[in-house]
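Text of work-v1.cif (mmCIF, C-alpha atoms and all ligand atoms) as supplied:
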data_upload
loop_
_atom_site.label_atom_id
_atom_site.label_comp_id
_atom_site.auth_asym_id
_atom_site.auth_seq_id
_atom_site.Cartn_x
_atom_site.Cartn_y
_atom_site.Cartn_z
CA MET A 35 89.71 35.99 -7.12
CA ALA A 36 86.99 37.87 -8.95
CA LYS A 37 87.18 38.89 -12.59
CA ILE A 38 87.10 42.67 -12.89
CA LEU A 39 84.25 44.17 -14.89
CA ASP A 40 86.10 47.03 -16.56
CA GLY A 41 83.51 49.75 -17.16
CA LYS A 42 86.15 52.27 -18.10
CA GLU A 43 87.50 50.22 -20.99
CA LEU A 44 84.01 49.33 -22.22
CA ALA A 45 82.96 52.99 -21.98
CA SER A 46 85.88 54.19 -24.08
CA LYS A 47 85.13 51.54 -26.72
CA ILE A 48 81.45 52.55 -26.92
CA ARG A 49 82.27 56.28 -26.86
CA GLU A 50 84.43 55.84 -29.95
CA ASP A 51 81.46 54.16 -31.69
CA ILE A 52 79.25 57.05 -30.54
CA ARG A 53 81.71 59.60 -31.94
CA VAL A 54 81.59 57.90 -35.34
CA ALA A 55 77.78 57.54 -35.22
CA THR A 56 77.39 61.21 -34.30
CA LYS A 57 79.42 62.26 -37.34
CA GLU A 58 77.28 60.11 -39.63
CA LEU A 59 74.04 61.39 -38.10
CA ILE A 60 75.11 65.00 -38.57
CA GLU A 61 75.71 64.25 -42.25
CA GLU A 62 72.34 62.51 -42.54
CA PHE A 63 70.20 65.13 -40.79
CA ASN A 64 72.39 68.22 -41.25
CA LYS A 65 71.93 69.17 -37.61
CA ILE A 66 74.10 68.80 -34.50
CA PRO A 67 72.78 66.63 -31.63
CA HIS A 68 72.33 68.90 -28.63
CA LEU A 69 72.02 68.07 -24.93
CA ALA A 70 70.88 70.79 -22.52
CA VAL A 71 71.75 70.26 -18.86
CA VAL A 72 70.11 72.31 -16.12
CA LEU A 73 72.16 72.68 -12.94
CA VAL A 74 70.61 74.35 -9.90
CA GLY A 75 72.71 75.40 -6.91
CA ASP A 76 76.32 74.52 -6.14
CA ASN A 77 76.34 70.96 -4.85
CA PRO A 78 79.99 69.96 -5.50
CA ALA A 79 79.12 66.41 -6.64
CA SER A 80 76.49 67.71 -9.09
CA LYS A 81 78.93 70.30 -10.45
CA TYR A 82 81.51 67.57 -10.99
CA TYR A 83 79.01 65.24 -12.73
CA VAL A 84 77.72 68.01 -14.97
CA SER A 85 81.21 69.04 -16.01
CA SER A 86 82.06 65.36 -16.78
CA LYS A 87 78.89 65.08 -18.89
CA GLU A 88 79.77 68.28 -20.74
CA LYS A 89 83.32 67.09 -21.54
CA ALA A 90 82.03 63.70 -22.75
CA CYS A 91 79.52 65.39 -25.08
CA ILE A 92 82.15 67.64 -26.61
CA LYS A 93 84.48 64.67 -27.23
CA ALA A 94 81.66 62.78 -28.92
CA GLY A 95 80.76 65.72 -31.19
CA ILE A 96 77.50 66.38 -29.33
CA LYS A 97 76.69 70.00 -28.51
CA SER A 98 76.30 70.61 -24.80
CA THR A 99 74.68 73.60 -23.14
CA VAL A 100 74.73 73.93 -19.36
CA ILE A 101 72.15 76.26 -17.86
CA LYS A 102 73.23 77.21 -14.34
CA ARG A 103 70.94 78.80 -11.80
CA THR A 104 71.35 79.62 -8.12
CA GLU A 105 69.74 77.69 -5.25
CA ASP A 106 67.07 80.40 -4.79
CA ILE A 107 65.46 79.94 -8.22
CA SER A 108 61.65 79.72 -8.01
CA GLU A 109 59.69 76.71 -9.26
CA ASN A 110 58.07 78.89 -11.92
CA GLU A 111 61.41 80.14 -13.19
CA LEU A 112 62.66 76.55 -13.50
CA ILE A 113 59.44 75.56 -15.27
CA ASP A 114 59.97 78.42 -17.74
CA ILE A 115 63.46 77.08 -18.52
CA ILE A 116 62.10 73.56 -19.15
CA ASN A 117 59.32 74.87 -21.38
CA GLU A 118 61.79 76.92 -23.37
CA LEU A 119 64.00 73.88 -23.91
CA ASN A 120 60.97 71.75 -24.86
CA ASN A 121 60.10 74.32 -27.54
CA ASP A 122 63.66 74.79 -28.79
CA ASP A 123 64.06 72.77 -32.00
CA SER A 124 67.84 72.84 -31.67
CA VAL A 125 67.66 70.89 -28.37
CA HIS A 126 67.26 67.09 -28.48
CA GLY A 127 67.93 66.08 -24.87
CA ILE A 128 67.07 67.76 -21.57
CA LEU A 129 68.67 66.71 -18.29
CA LEU A 130 67.75 68.28 -14.98
CA GLN A 131 70.62 67.41 -12.64
CA LEU A 132 69.31 66.04 -9.33
CA PRO A 133 68.97 66.80 -6.51
CA ILE A 134 67.24 70.16 -6.87
CA PRO A 135 66.41 72.45 -3.90
CA LYS A 136 63.68 71.22 -1.55
CA HIS A 137 61.34 74.17 -2.17
CA ILE A 138 60.81 72.96 -5.75
CA ASN A 139 58.46 70.08 -6.55
CA GLU A 140 60.92 67.79 -8.32
CA ASP A 141 58.26 65.44 -9.65
CA ARG A 142 56.25 68.29 -11.16
CA VAL A 143 59.25 69.78 -12.97
CA ILE A 144 60.57 66.43 -14.25
CA ASN A 145 57.16 65.61 -15.67
CA LEU A 146 57.15 68.81 -17.70
CA ILE A 147 60.16 67.58 -19.70
CA ASP A 148 59.01 66.47 -23.17
CA PRO A 149 59.17 62.63 -22.95
CA ARG A 150 60.92 62.59 -26.34
CA LYS A 151 63.72 64.77 -24.91
CA ASP A 152 63.85 62.94 -21.55
CA VAL A 153 67.42 61.56 -21.80
CA ASP A 154 67.24 60.37 -18.17
CA GLY A 155 64.02 58.40 -18.64
CA PHE A 156 62.69 59.96 -15.43
CA CYS A 157 59.27 61.25 -16.53
CA ASN A 158 56.12 59.24 -15.79
CA GLU A 159 55.53 58.29 -19.42
CA ASN A 160 58.97 56.72 -19.76
CA ILE A 161 58.79 55.05 -16.33
CA ALA A 162 55.42 53.51 -17.19
CA LYS A 163 56.70 52.22 -20.52
CA LEU A 164 59.82 50.75 -18.91
CA ASN A 165 57.73 48.97 -16.29
CA LYS A 166 55.45 47.57 -18.97
CA GLY A 167 58.49 46.30 -20.85
CA GLN A 168 57.79 48.68 -23.74
CA GLU A 169 60.36 50.67 -25.70
CA SER A 170 61.25 53.79 -23.70
CA MET A 171 64.05 56.06 -22.66
CA VAL A 172 65.94 54.12 -19.97
CA PRO A 173 67.75 55.75 -17.01
CA CYS A 174 71.47 55.89 -17.75
CA THR A 175 72.98 54.09 -14.74
CA PRO A 176 70.80 50.95 -14.93
CA LEU A 177 71.22 50.94 -18.72
CA GLY A 178 75.00 51.13 -18.27
CA ILE A 179 74.88 48.16 -15.90
CA THR A 180 73.03 46.04 -18.47
CA ARG A 181 75.70 46.96 -21.03
CA ILE A 182 78.39 45.69 -18.64
CA LEU A 183 76.47 42.42 -18.09
CA ASP A 184 76.16 41.99 -21.86
CA GLU A 185 79.82 42.73 -22.52
CA TYR A 186 80.87 39.95 -20.13
CA ASP A 187 78.13 37.52 -21.29
CA ILE A 188 76.48 37.47 -17.87
CA ASP A 189 73.04 35.97 -18.37
CA ALA A 190 70.34 36.93 -15.86
CA PHE A 191 67.74 34.38 -17.03
CA GLY A 192 66.27 32.64 -13.97
CA LYS A 193 68.98 34.07 -11.70
CA HIS A 194 68.32 35.76 -8.37
CA CYS A 195 69.18 39.44 -8.68
CA VAL A 196 69.26 41.35 -5.39
CA ILE A 197 69.27 45.14 -5.64
CA ILE A 198 70.21 47.10 -2.53
CA GLY A 199 68.63 50.55 -2.88
CA ARG A 200 65.19 51.63 -4.11
CA SER A 201 65.89 55.01 -5.71
CA GLN A 202 64.04 56.30 -8.77
CA ILE A 203 67.41 56.82 -10.48
CA VAL A 204 68.89 53.33 -9.98
CA GLY A 205 67.09 50.74 -7.84
CA LYS A 206 63.58 50.83 -9.30
CA PRO A 207 64.47 51.05 -13.01
CA MET A 208 67.19 48.42 -12.46
CA ALA A 209 64.55 46.06 -11.10
CA ALA A 210 62.40 46.60 -14.22
CA LEU A 211 65.35 45.88 -16.52
CA MET A 212 66.34 42.72 -14.66
CA LEU A 213 62.73 41.48 -14.66
CA LYS A 214 62.69 42.00 -18.42
CA ARG A 215 65.75 39.73 -18.54
CA ASN A 216 63.79 37.07 -16.64
CA ALA A 217 65.74 37.39 -13.38
CA THR A 218 64.03 36.84 -10.04
CA VAL A 219 64.35 40.27 -8.46
CA THR A 220 64.50 41.29 -4.81
CA ILE A 221 64.86 44.92 -3.76
CA CYS A 222 66.35 45.66 -0.33
CA HIS A 223 66.46 49.14 1.20
CA SER A 224 67.25 50.99 4.40
CA LYS A 225 64.25 49.50 6.25
CA THR A 226 64.85 45.88 5.13
CA GLN A 227 65.47 43.46 7.99
CA ASP A 228 68.64 41.40 7.69
CA ILE A 229 69.88 42.62 4.31
CA LYS A 230 72.88 40.36 4.67
CA SER A 231 70.93 37.09 4.61
CA ILE A 232 69.06 38.25 1.50
CA SER A 233 72.09 39.59 -0.36
CA LYS A 234 73.94 36.33 0.33
CA GLN A 235 71.35 34.59 -1.86
CA ALA A 236 72.12 36.81 -4.86
CA ASP A 237 73.60 35.44 -8.06
CA ILE A 238 73.76 39.06 -9.21
CA LEU A 239 74.11 41.69 -6.48
CA ILE A 240 73.63 45.35 -7.40
CA VAL A 241 74.46 47.81 -4.64
CA ALA A 242 73.19 51.39 -4.82
CA ILE A 243 72.64 52.44 -1.23
CA GLY A 244 75.12 55.33 -0.90
CA ARG A 245 77.07 54.05 2.11
CA ALA A 246 80.82 53.60 1.68
CA ASN A 247 82.12 50.02 1.99
CA MET A 248 78.82 48.73 3.43
CA VAL A 249 78.90 45.40 1.59
CA ASP A 250 81.83 43.14 2.44
CA SER A 251 82.48 39.46 1.68
CA SER A 252 80.00 38.36 4.37
CA TYR A 253 77.16 39.71 2.15
CA ILE A 254 78.25 37.81 -0.95
CA LYS A 255 77.57 34.30 -2.22
CA PRO A 256 80.77 32.72 -3.58
CA GLY A 257 81.02 33.34 -7.32
CA ALA A 258 78.31 36.05 -7.40
CA VAL A 259 78.38 38.99 -9.81
CA VAL A 260 78.80 42.18 -7.75
CA ILE A 261 77.91 45.54 -9.28
CA ASP A 262 78.85 48.57 -7.19
CA VAL A 263 76.96 51.77 -8.02
CA GLY A 264 78.25 53.75 -5.02
CA ILE A 265 80.41 56.85 -5.41
CA ASN A 266 81.33 58.03 -1.91
CA ARG A 267 84.05 60.49 -1.05
CA VAL A 268 86.10 59.25 1.92
CA ASP A 269 89.26 61.16 2.95
CA ASP A 270 89.59 62.58 -0.57
CA THR A 271 89.35 59.17 -2.26
CA LEU A 272 86.40 57.64 -4.07
CA ARG A 273 84.87 54.55 -2.48
CA GLY A 274 82.06 52.36 -3.61
CA ASP A 275 79.28 50.90 -1.49
CA VAL A 276 81.20 47.61 -1.65
CA ASP A 277 84.41 46.89 0.25
CA TYR A 278 86.24 46.03 -2.96
CA GLU A 279 89.38 44.42 -1.53
CA ASP A 280 87.37 42.09 0.71
CA ALA A 281 84.56 41.40 -1.78
CA LYS A 282 86.83 40.48 -4.67
CA LYS A 283 88.16 37.49 -2.69
CA ILE A 284 84.75 35.80 -2.88
CA ALA A 285 82.88 37.32 -5.86
CA GLY A 286 82.99 35.79 -9.35
CA TYR A 287 82.88 39.19 -11.05
CA ILE A 288 83.11 42.69 -9.59
CA THR A 289 83.03 46.32 -10.77
CA PRO A 290 85.73 48.60 -9.35
CA VAL A 291 85.15 52.16 -8.10
CA PRO A 292 86.23 54.26 -9.88
CA GLY A 293 86.26 52.68 -13.34
CA GLY A 294 83.18 50.47 -13.12
CA VAL A 295 79.61 51.72 -13.40
CA GLY A 296 80.43 55.48 -13.38
CA PRO A 297 81.95 55.76 -16.88
CA MET A 298 79.08 53.68 -18.30
CA THR A 299 76.46 56.08 -16.90
CA ILE A 300 77.85 58.97 -18.93
CA THR A 301 78.31 56.75 -21.98
CA CYS A 302 74.63 55.81 -21.84
CA LEU A 303 73.71 59.47 -21.51
CA LEU A 304 75.48 60.06 -24.84
CA GLU A 305 73.67 57.07 -26.35
CA ASN A 306 70.33 58.32 -25.03
CA THR A 307 70.98 61.76 -26.48
CA LEU A 308 71.51 60.19 -29.90
CA ILE A 309 68.32 58.11 -29.49
CA CYS A 310 66.33 61.29 -28.75
CA TYR A 311 68.02 63.02 -31.69
CA ARG A 312 67.19 60.17 -34.08
CA ASN A 313 63.59 59.99 -32.86
CA ILE A 314 63.05 63.72 -33.16
CA GLU A 315 64.92 64.37 -36.40
CA GLY A 316 63.59 61.15 -37.92
CA GLY A 317 60.06 62.34 -37.15
CA LYS A 318 59.14 59.50 -34.77
CA ARG A 319 56.11 60.29 -32.61
N1 LIG B 1 71.96 62.86 -10.01
C1 LIG B 1 72.64 61.71 -9.76
N2 LIG B 1 72.55 60.86 -10.80
C2 LIG B 1 71.79 61.47 -11.73
C3 LIG B 1 71.33 61.10 -13.03
O1 LIG B 1 71.59 60.00 -13.54
N3 LIG B 1 70.56 62.02 -13.67
C4 LIG B 1 70.24 63.21 -13.12
N4 LIG B 1 69.47 64.04 -13.82
N5 LIG B 1 70.64 63.59 -11.92
C5 LIG B 1 71.41 62.72 -11.23
#
For this file, write the structure as structure tokens.
Amino acid sequence: MAKILDGKELASKIREDIRVATKELIEEFNKIPHLAVVLVGDNPASKYYVSSKEKACIKAGIKSTVIKRTEDISENELIDIINELNNDDSVHGILLQLPIPKHINEDRVINLIDPRKDVDGFCNENIAKLNKGQESMVPCTPLGITRILDEYDIDAFGKHCVIIGRSQIVGKPMAALMLKRNATVTICHSKTQDIKSISKQADILIVAIGRANMVDSSYIKPGAVVIDVGINRVDDTLRGDVDYEDAKKIAGYITPVPGGVGPMTITCLLENTLICYRNIEGGKR
């Protein structure tokens, strides 16, 4: 039976450290760390995530501003909002909640975010640095996963890490982080032939494909570490991309849904906000 990787417990431990650190930083710099979140439209999942982020900020002592706009906002109006936040000295982190409406060029808007305020690590400058193995802002979900691996002393050195999913938010940055840890990395995606035979070779299997219960025990090598990034709503319950009950019979370690990766994503957003704050207030270029 697999050991459970308890992201919820780890998140609450780290969030307490963040709360203390925030207090000390406010004393040091005499300014409150401030995250601005831009939410466009009324996607229910996005609204839920943004409200969870807002609550977590408040608990940590970080100021949170949510700027809400309707689905019909123009690209130029959204660009104006980003520019205003870039120029606002009271704002340290800017997060544009994705997805945004199709008529807006997502890449263009994301790349207007000041890289020093890019708490998501989504702009080209931060992506390039991450891929070069340089210090950068790191996307919150992959960063949260590395924190879980560290907490449970799971070493990736020389191990085969299979990532299912090639998104900009999870799959691609996750691959960069695992390469930095000297894992052998394979990325599978929706067009990959015979995902099962590849995922069965994984020592560390990270699933971020967005399909409820897709990965069962037949995809898993006995003893493997299984990280489930999926958050899928099925009949009013939350399900991961991994069939948890079946997978835990064969895996060595497994993250539950909820209570695995999810709480660590928001925790790393708080950490990233403090990193941006320290860099900006400390005068780092
Ligand atoms: N939508 C889903 N996950 C994320 C995330 O980590 N950041 C942003 N900005 N949007 C998201």
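Between ligand LIG 1 (chain B) and the candidates A:Ile134, A:Cys222, A:Ile179, A:Ala190, the tightest atom-to-atom separation, counting all atoms listed in the file, involves A:Ile134.
Ranking A:Lys283, A:Arg312, A:Arg200, A:Lys318 by their shortest atom-to-atom distance to A:Ala55, with only C-alpha atoms included, puts A:Arg312 first.
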Hey, which residues sit close to ligand LIG 1 (chain B)? Say within 9 Å, counting all atoms listed in the file, and write them as an NGL selection string. :A and (71-72 or 79-80 or 83-84 or 128-134 or 153-156 or 173-175 or 203-204 or 299-300 or 303)
Give me, as a PDB file with C-alpha atoms, in the coordinates of the input, all polymer residues having an atom no more than 10 Å from A:Leu119, counting all atoms listed in the file and skipping those fewer than 4 positions away in the same chain.
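Heads up, here's the output in part22.pdb:
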ATOM      1  CA  LEU A  69      72.020  68.070 -24.930  1.00  0.00           C
ATOM      2  CA  ALA A  70      70.880  70.790 -22.520  1.00  0.00           C
ATOM      3  CA  VAL A  71      71.750  70.260 -18.860  1.00  0.00           C
ATOM      4  CA  ILE A 113      59.440  75.560 -15.270  1.00  0.00           C
ATOM      5  CA  ASP A 114      59.970  78.420 -17.740  1.00  0.00           C
ATOM      6  CA  ILE A 115      63.460  77.080 -18.520  1.00  0.00           C
ATOM      7  CA  ASP A 123      64.060  72.770 -32.000  1.00  0.00           C
ATOM      8  CA  SER A 124      67.840  72.840 -31.670  1.00  0.00           C
ATOM      9  CA  VAL A 125      67.660  70.890 -28.370  1.00  0.00           C
ATOM     10  CA  HIS A 126      67.260  67.090 -28.480  1.00  0.00           C
ATOM     11  CA  GLY A 127      67.930  66.080 -24.870  1.00  0.00           C
ATOM     12  CA  ILE A 128      67.070  67.760 -21.570  1.00  0.00           C
ATOM     13  CA  ILE A 147      60.160  67.580 -19.700  1.00  0.00           C
ATOM     14  CA  ASP A 148      59.010  66.470 -23.170  1.00  0.00           C
ATOM     15  CA  LYS A 151      63.720  64.770 -24.910  1.00  0.00           C
TER      16      LYS A 151
END
Write out as number ranges by chain which residues come within 8 Å of A:Ala45 when counting all atoms listed in the file, dropping same-chain ones fewer than 5 positions away. A: 297-298, 301
Take the selection from the previous step and output its residues with C-alpha atoms, as a JSON list (two decimals), in the coordinates of the input.
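Saved to again29.json:
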[["chain", "number", "residue", "atom", "x", "y", "z"],
["A", 297, "PRO", "CA", 81.95, 55.76, -16.88],
["A", 298, "MET", "CA", 79.08, 53.68, -18.30],
["A", 301, "THR", "CA", 78.31, 56.75, -21.98]]
One decimal, in Å: what's the spacing between atom CA of A:Ala281 and atom CA of A:Ser251? 4.5 Å
Name the residues in contact with stretch 95-98 of chain A at a cut-off of 9 Å, using only C-alpha atoms, excluding same-chain residues fewer than 4 positions from it; report them as a VMD selection string. chain A and resid 52 to 54 56 to 57 66 to 71 87 to 91 304 307 to 308
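You will find atom CA of A:Asn216 at 13.0 Å from atom CA of A:Thr180.
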